[in-house]
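Step one of this worksheet: look at the structure below.
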Amino acid sequence: LATGYVALDACLPGKGWPRTGLIEILVSRFGIGELYLLLPMLAALTSRPTARWCVWIAPPLEPYAPALAAQGVTLDRVLVVRLPAGDSLAGRSVASEPLWAFEQTLGSGASDIALAWAARGPRPREIRRLQLAAERGKTLGVLFRPLRAARESSPAILRMTVEPRSTGVRLTLLKSRGGTRGSLD
C-alpha cells in the first residue's frame with residue numbers, strides 16, 4: 001500500500017506499507033502528527049468498494065471527523081473503540097482492555113486496518129500475539145507506543161520512530177523486513 005510519501009515508499013519493502021502484519025510507530029508523545037503518515041493509506045483503504053473496517057482502539061485524542069473526511073477518509077468505514085470508565089472491568093485492568101480489543105480486531109478478518117495506542121506495555125509475548133492475529137485476520141495493525149520502547153526487541157514486521165522537528169518530523173526506520181534502515185527528514 002503506497003504511503004503517499006515517495007521518500008518513505010523508496011525505503012520500505014514492496015515500496016509501501018505492508019498489506020498485513022503488525023507495524024509499530026514509536027513517538028515521543030501521542031498527538032505529534034503521527035497520523036499524518038497514515039492518512040493517505042486510510043483514505044485509500046476506506047474508499048474502496050470492498051472496504052472492511054478501519055478500527056481505532058483507545059486513541060489518546062478524539063478523532064476529528066471533518067479533518068479525516070477532508071483527507072479523503074470514508075467515515076462510514078471508521079469505528080472508534082474507547083477505553084471504559086473506571087479502574088477495572090470484570091476483574092481485568094483497564095490497561096489490558098485495549099490490547100485485548102486490538103488482538104480481537106486483528107484476528108477477526110473484519111478490518112482492513114486497526115490502529116491502537118498503548119502508553120504502557122505491551123510485553124514482547126503480547127506483541128507476538130498481535131503479530132500472529134494480524135496475519136491470521138489478513139489485517140494491517142498499527143501500534144503506537146512511546147519512544148522508550150525502541151530499546152526493546154519486537155516481532156513487528158516494521159518499526160519506526162517519529163520525532164518532531166522544527167520543519168516537520170524525522171522518521172527513523174528501526175526494523176523493516178526486506179527494506180532499508182535509517183532516517184528520513
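Chains: A, B, ... in order of the C-alpha cells. Residues: from 1 per chain. Ligands: from 1, in order shown.
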Query raised in the report: Within 9 Å of Gly107 (chain A), counting only C-alpha atoms, which residues qualify if same-chain residues fewer than 5 places away don't, as an MDAnalysis selection string?
Result: chainID A and resid 102 130 132:139
Please write the residues from the selection above to a file, keeping all heavy atoms, as a PDB file, in the first residue's frame.
ATOM      1  N   PHE A 102      -7.625  -4.908  20.511  1.00  0.00           N
ATOM      2  CA  PHE A 102      -6.767  -4.843  19.326  1.00  0.00           C
ATOM      3  C   PHE A 102      -6.525  -6.246  18.778  1.00  0.00           C
ATOM      4  O   PHE A 102      -6.675  -6.486  17.567  1.00  0.00           O
ATOM      5  CB  PHE A 102      -5.454  -4.157  19.714  1.00  0.00           C
ATOM      6  CG  PHE A 102      -4.546  -3.782  18.567  1.00  0.00           C
ATOM      7  CD1 PHE A 102      -5.031  -3.285  17.374  1.00  0.00           C
ATOM      8  CD2 PHE A 102      -3.176  -3.898  18.710  1.00  0.00           C
ATOM      9  CE1 PHE A 102      -4.184  -2.915  16.340  1.00  0.00           C
ATOM     10  CE2 PHE A 102      -2.317  -3.530  17.692  1.00  0.00           C
ATOM     11  CZ  PHE A 102      -2.821  -3.044  16.507  1.00  0.00           C
ATOM     12  N   LEU A 130      -0.154 -10.244  18.881  1.00  0.00           N
ATOM     13  CA  LEU A 130      -0.764  -9.257  17.978  1.00  0.00           C
ATOM     14  C   LEU A 130      -0.316  -9.488  16.537  1.00  0.00           C
ATOM     15  O   LEU A 130      -1.125  -9.421  15.610  1.00  0.00           O
ATOM     16  CB  LEU A 130      -0.400  -7.838  18.423  1.00  0.00           C
ATOM     17  CG  LEU A 130      -0.955  -7.387  19.768  1.00  0.00           C
ATOM     18  CD1 LEU A 130      -0.348  -6.050  20.173  1.00  0.00           C
ATOM     19  CD2 LEU A 130      -2.474  -7.315  19.752  1.00  0.00           C
ATOM     20  N   LEU A 132       0.686 -12.332  15.186  1.00  0.00           N
ATOM     21  CA  LEU A 132       0.028 -13.548  14.698  1.00  0.00           C
ATOM     22  C   LEU A 132      -1.445 -13.304  14.386  1.00  0.00           C
ATOM     23  O   LEU A 132      -1.974 -13.818  13.396  1.00  0.00           O
ATOM     24  CB  LEU A 132       0.197 -14.682  15.705  1.00  0.00           C
ATOM     25  CG  LEU A 132       1.624 -15.199  15.879  1.00  0.00           C
ATOM     26  CD1 LEU A 132       1.694 -16.186  17.041  1.00  0.00           C
ATOM     27  CD2 LEU A 132       2.138 -15.824  14.600  1.00  0.00           C
ATOM     28  N   ALA A 133      -2.120 -12.514  15.227  1.00  0.00           N
ATOM     29  CA  ALA A 133      -3.528 -12.193  14.983  1.00  0.00           C
ATOM     30  C   ALA A 133      -3.685 -11.402  13.686  1.00  0.00           C
ATOM     31  O   ALA A 133      -4.617 -11.653  12.911  1.00  0.00           O
ATOM     32  CB  ALA A 133      -4.106 -11.418  16.164  1.00  0.00           C
ATOM     33  N   ALA A 134      -2.781 -10.468  13.429  1.00  0.00           N
ATOM     34  CA  ALA A 134      -2.837  -9.678  12.190  1.00  0.00           C
ATOM     35  C   ALA A 134      -2.661 -10.569  10.965  1.00  0.00           C
ATOM     36  O   ALA A 134      -3.364 -10.408   9.963  1.00  0.00           O
ATOM     37  CB  ALA A 134      -1.777  -8.574  12.216  1.00  0.00           C
ATOM     38  N   GLU A 135      -1.738 -11.517  11.051  1.00  0.00           N
ATOM     39  CA  GLU A 135      -1.534 -12.448   9.933  1.00  0.00           C
ATOM     40  C   GLU A 135      -2.758 -13.337   9.739  1.00  0.00           C
ATOM     41  O   GLU A 135      -3.207 -13.542   8.609  1.00  0.00           O
ATOM     42  CB  GLU A 135      -0.293 -13.291  10.178  1.00  0.00           C
ATOM     43  CG  GLU A 135       0.995 -12.505  10.078  1.00  0.00           C
ATOM     44  CD  GLU A 135       2.223 -13.289  10.497  1.00  0.00           C
ATOM     45  OE1 GLU A 135       2.098 -14.485  10.831  1.00  0.00           O
ATOM     46  OE2 GLU A 135       3.324 -12.698  10.491  1.00  0.00           O
ATOM     47  N   ARG A 136      -3.314 -13.839  10.835  1.00  0.00           N
ATOM     48  CA  ARG A 136      -4.482 -14.711  10.760  1.00  0.00           C
ATOM     49  C   ARG A 136      -5.687 -13.986  10.152  1.00  0.00           C
ATOM     50  O   ARG A 136      -6.413 -14.535   9.334  1.00  0.00           O
ATOM     51  CB  ARG A 136      -4.811 -15.239  12.167  1.00  0.00           C
ATOM     52  CG  ARG A 136      -5.971 -16.198  12.229  1.00  0.00           C
ATOM     53  CD  ARG A 136      -6.198 -16.765  13.633  1.00  0.00           C
ATOM     54  NE  ARG A 136      -6.553 -15.741  14.611  1.00  0.00           N
ATOM     55  CZ  ARG A 136      -5.757 -15.313  15.599  1.00  0.00           C
ATOM     56  NH1 ARG A 136      -4.558 -15.814  15.757  1.00  0.00           N
ATOM     57  NH2 ARG A 136      -6.166 -14.385  16.425  1.00  0.00           N
ATOM     58  N   GLY A 137      -5.892 -12.731  10.554  1.00  0.00           N
ATOM     59  CA  GLY A 137      -7.040 -11.963  10.071  1.00  0.00           C
ATOM     60  C   GLY A 137      -6.786 -11.205   8.783  1.00  0.00           C
ATOM     61  O   GLY A 137      -7.665 -10.494   8.307  1.00  0.00           O
ATOM     62  N   LYS A 138      -5.574 -11.348   8.226  1.00  0.00           N
ATOM     63  CA  LYS A 138      -5.216 -10.621   6.996  1.00  0.00           C
ATOM     64  C   LYS A 138      -5.502  -9.127   7.148  1.00  0.00           C
ATOM     65  O   LYS A 138      -6.148  -8.495   6.304  1.00  0.00           O
ATOM     66  CB  LYS A 138      -5.930 -11.208   5.785  1.00  0.00           C
ATOM     67  CG  LYS A 138      -5.488 -12.629   5.484  1.00  0.00           C
ATOM     68  CD  LYS A 138      -6.238 -13.176   4.305  1.00  0.00           C
ATOM     69  CE  LYS A 138      -5.807 -14.554   3.893  1.00  0.00           C
ATOM     70  NZ  LYS A 138      -5.552 -15.538   4.878  1.00  0.00           N
ATOM     71  N   THR A 139      -4.998  -8.595   8.270  1.00  0.00           N
ATOM     72  CA  THR A 139      -5.239  -7.204   8.640  1.00  0.00           C
ATOM     73  C   THR A 139      -3.916  -6.512   8.895  1.00  0.00           C
ATOM     74  O   THR A 139      -2.973  -7.123   9.377  1.00  0.00           O
ATOM     75  CB  THR A 139      -6.097  -7.158   9.930  1.00  0.00           C
ATOM     76  OG1 THR A 139      -7.317  -7.846   9.697  1.00  0.00           O
ATOM     77  CG2 THR A 139      -6.404  -5.743  10.358  1.00  0.00           C
TER      78      THR A 139
END
Among region 60-129 of chain A, which ones does DSSP assign to helix (DSSP H, G or I) (computed from the backbone)? Answer as a PyMOL selection string. chain A and resi 65-70+75-77+96-108+124-129
Selection to disk with C-alpha atoms, as a PDB file, in the first residue's frame:
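What ended up in out.pdb:
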ATOM      1  CA  ALA A  65     -14.232  13.621  11.723  1.00  0.00           C
ATOM      2  CA  PRO A  66     -14.246  16.758   9.483  1.00  0.00           C
ATOM      3  CA  ALA A  67     -10.439  16.657   9.203  1.00  0.00           C
ATOM      4  CA  LEU A  68     -10.464  12.932   8.387  1.00  0.00           C
ATOM      5  CA  ALA A  69     -13.150  13.464   5.738  1.00  0.00           C
ATOM      6  CA  ALA A  70     -11.169  16.374   4.258  1.00  0.00           C
ATOM      7  CA  LEU A  75     -16.161   7.921   7.784  1.00  0.00           C
ATOM      8  CA  ASP A  76     -18.764   5.160   7.290  1.00  0.00           C
ATOM      9  CA  ARG A  77     -15.891   2.654   7.456  1.00  0.00           C
ATOM     10  CA  SER A  96      -5.227  -4.638  29.258  1.00  0.00           C
ATOM     11  CA  GLU A  97      -8.553  -3.910  27.570  1.00  0.00           C
ATOM     12  CA  PRO A  98      -7.190  -2.005  24.539  1.00  0.00           C
ATOM     13  CA  LEU A  99      -4.675  -4.761  23.761  1.00  0.00           C
ATOM     14  CA  TRP A 100      -7.381  -7.406  24.061  1.00  0.00           C
ATOM     15  CA  ALA A 101      -9.673  -5.393  21.750  1.00  0.00           C
ATOM     16  CA  PHE A 102      -6.767  -4.843  19.326  1.00  0.00           C
ATOM     17  CA  GLU A 103      -5.953  -8.556  19.199  1.00  0.00           C
ATOM     18  CA  GLN A 104      -9.609  -9.480  18.640  1.00  0.00           C
ATOM     19  CA  THR A 105      -9.945  -6.890  15.878  1.00  0.00           C
ATOM     20  CA  LEU A 106      -6.767  -8.008  14.123  1.00  0.00           C
ATOM     21  CA  GLY A 107      -7.735 -11.674  14.170  1.00  0.00           C
ATOM     22  CA  SER A 108     -11.391 -11.230  13.193  1.00  0.00           C
ATOM     23  CA  PRO A 124       7.120  -8.981  23.753  1.00  0.00           C
ATOM     24  CA  ARG A 125       4.875 -12.038  24.167  1.00  0.00           C
ATOM     25  CA  GLU A 126       1.793  -9.840  23.709  1.00  0.00           C
ATOM     26  CA  ILE A 127       3.275  -8.166  20.640  1.00  0.00           C
ATOM     27  CA  ARG A 128       3.922 -11.603  19.145  1.00  0.00           C
ATOM     28  CA  ARG A 129       0.259 -12.494  19.709  1.00  0.00           C
TER      29      ARG A 129
END
Residues of chain A in strand (DSSP E) according to DSSP, as a PyMOL selection string? chain A and resi 21-27+53-57+78-81+88-89+92-93+111-117+140-146+158-165+168-176+182-184
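Closest approach to Gly33 (chain A) among A:Ser111, A:Gln131, A:Ser47, A:Thr161 is made by A:Thr161 (distances from only C-alpha atoms).
With CA of Leu140 (chain A) on one side and CA of Met160 (chain A) on the other, the separation reads 15.3 Å.
Of the listed residues (A:Gly178, A:Pro49, A:Pro59, A:Pro164), A:Pro49 comes nearest to Thr74 (chain A); the distances count only C-alpha atoms.
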Taking 4 positions as the minimum chain separation for residues in the same chain, which residues sit within 12 Å of Arg165 (chain A) when counting only C-alpha atoms? Answer as a list in words.
Ser28, Ile32, Gly33, Val169, Arg170, Leu171, Leu184 and Asp185 of chain A
Keeping only N, CA and C atoms, take the residues you just selected and write them out as a PDB file, in the first residue's frame.
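The resulting file, out.pdb, is reproduced below:
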ATOM      1  N   SER A  28       7.531  10.330  20.688  1.00  0.00           N
ATOM      2  CA  SER A  28       7.918  10.952  21.954  1.00  0.00           C
ATOM      3  C   SER A  28       6.688  11.267  22.797  1.00  0.00           C
ATOM      4  N   ILE A  32       1.632  14.024  18.042  1.00  0.00           N
ATOM      5  CA  ILE A  32       2.627  14.896  17.413  1.00  0.00           C
ATOM      6  C   ILE A  32       2.500  14.905  15.892  1.00  0.00           C
ATOM      7  N   GLY A  33       1.478  14.258  15.371  1.00  0.00           N
ATOM      8  CA  GLY A  33       1.293  14.221  13.923  1.00  0.00           C
ATOM      9  C   GLY A  33       1.557  12.860  13.322  1.00  0.00           C
ATOM     10  N   VAL A 169       8.880  16.358  10.647  1.00  0.00           N
ATOM     11  CA  VAL A 169       9.223  15.228  11.508  1.00  0.00           C
ATOM     12  C   VAL A 169      10.418  14.476  10.935  1.00  0.00           C
ATOM     13  N   ARG A 170      11.074  13.741  11.793  1.00  0.00           N
ATOM     14  CA  ARG A 170      12.129  12.823  11.361  1.00  0.00           C
ATOM     15  C   ARG A 170      11.612  11.412  11.603  1.00  0.00           C
ATOM     16  N   LEU A 171      11.658  10.611  10.549  1.00  0.00           N
ATOM     17  CA  LEU A 171      11.305   9.199  10.632  1.00  0.00           C
ATOM     18  C   LEU A 171      12.589   8.394  10.678  1.00  0.00           C
ATOM     19  N   LEU A 184      14.758   9.565   7.748  1.00  0.00           N
ATOM     20  CA  LEU A 184      14.227  10.448   6.694  1.00  0.00           C
ATOM     21  C   LEU A 184      13.740  11.723   7.361  1.00  0.00           C
ATOM     22  N   ASP A 185      14.055  12.861   6.772  1.00  0.00           N
ATOM     23  CA  ASP A 185      13.542  14.138   7.304  1.00  0.00           C
ATOM     24  C   ASP A 185      12.428  14.647   6.417  1.00  0.00           C
TER      25      ASP A 185
END
In terms of only C-alpha atoms, the residue from A:Ser166, A:Arg177, A:Trp117, A:Ser183 at minimal distance from Ile25 (chain A) is A:Trp117
inquiry  = List the spatial neighbours of Leu143 (chain A) as a ChimeraX atom specification - criterion: any atom at most 8 Å away, only C-alpha atoms, same-chain residues fewer than 2 positions off excluded.
reply    = /A:22-25,115-118,141,145
Of A:Ser153, A:Gly179, A:Gln71, A:Leu83, the one nearest to Arg123 (chain A) when counting only C-alpha atoms is A:Ser153
Atom pair CA of Thr180 (chain A) + CA of Leu158 (chain A), distance 10.6 Å
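Using only C-alpha atoms, the shortest contact distance between Tyr64 (chain A) and any of A:Val162, A:Val78, A:Ser154, A:Arg52 is found at A:Val78.
Counting from CA of Leu174 (chain A), the distance to CA of Arg159 (chain A) is 5.3 Å.
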If you count only C-alpha atoms, the residue of A:Pro60, A:Thr20, A:Leu1, A:Cys11 closest to Pro40 (chain A) turns out to be A:Leu1
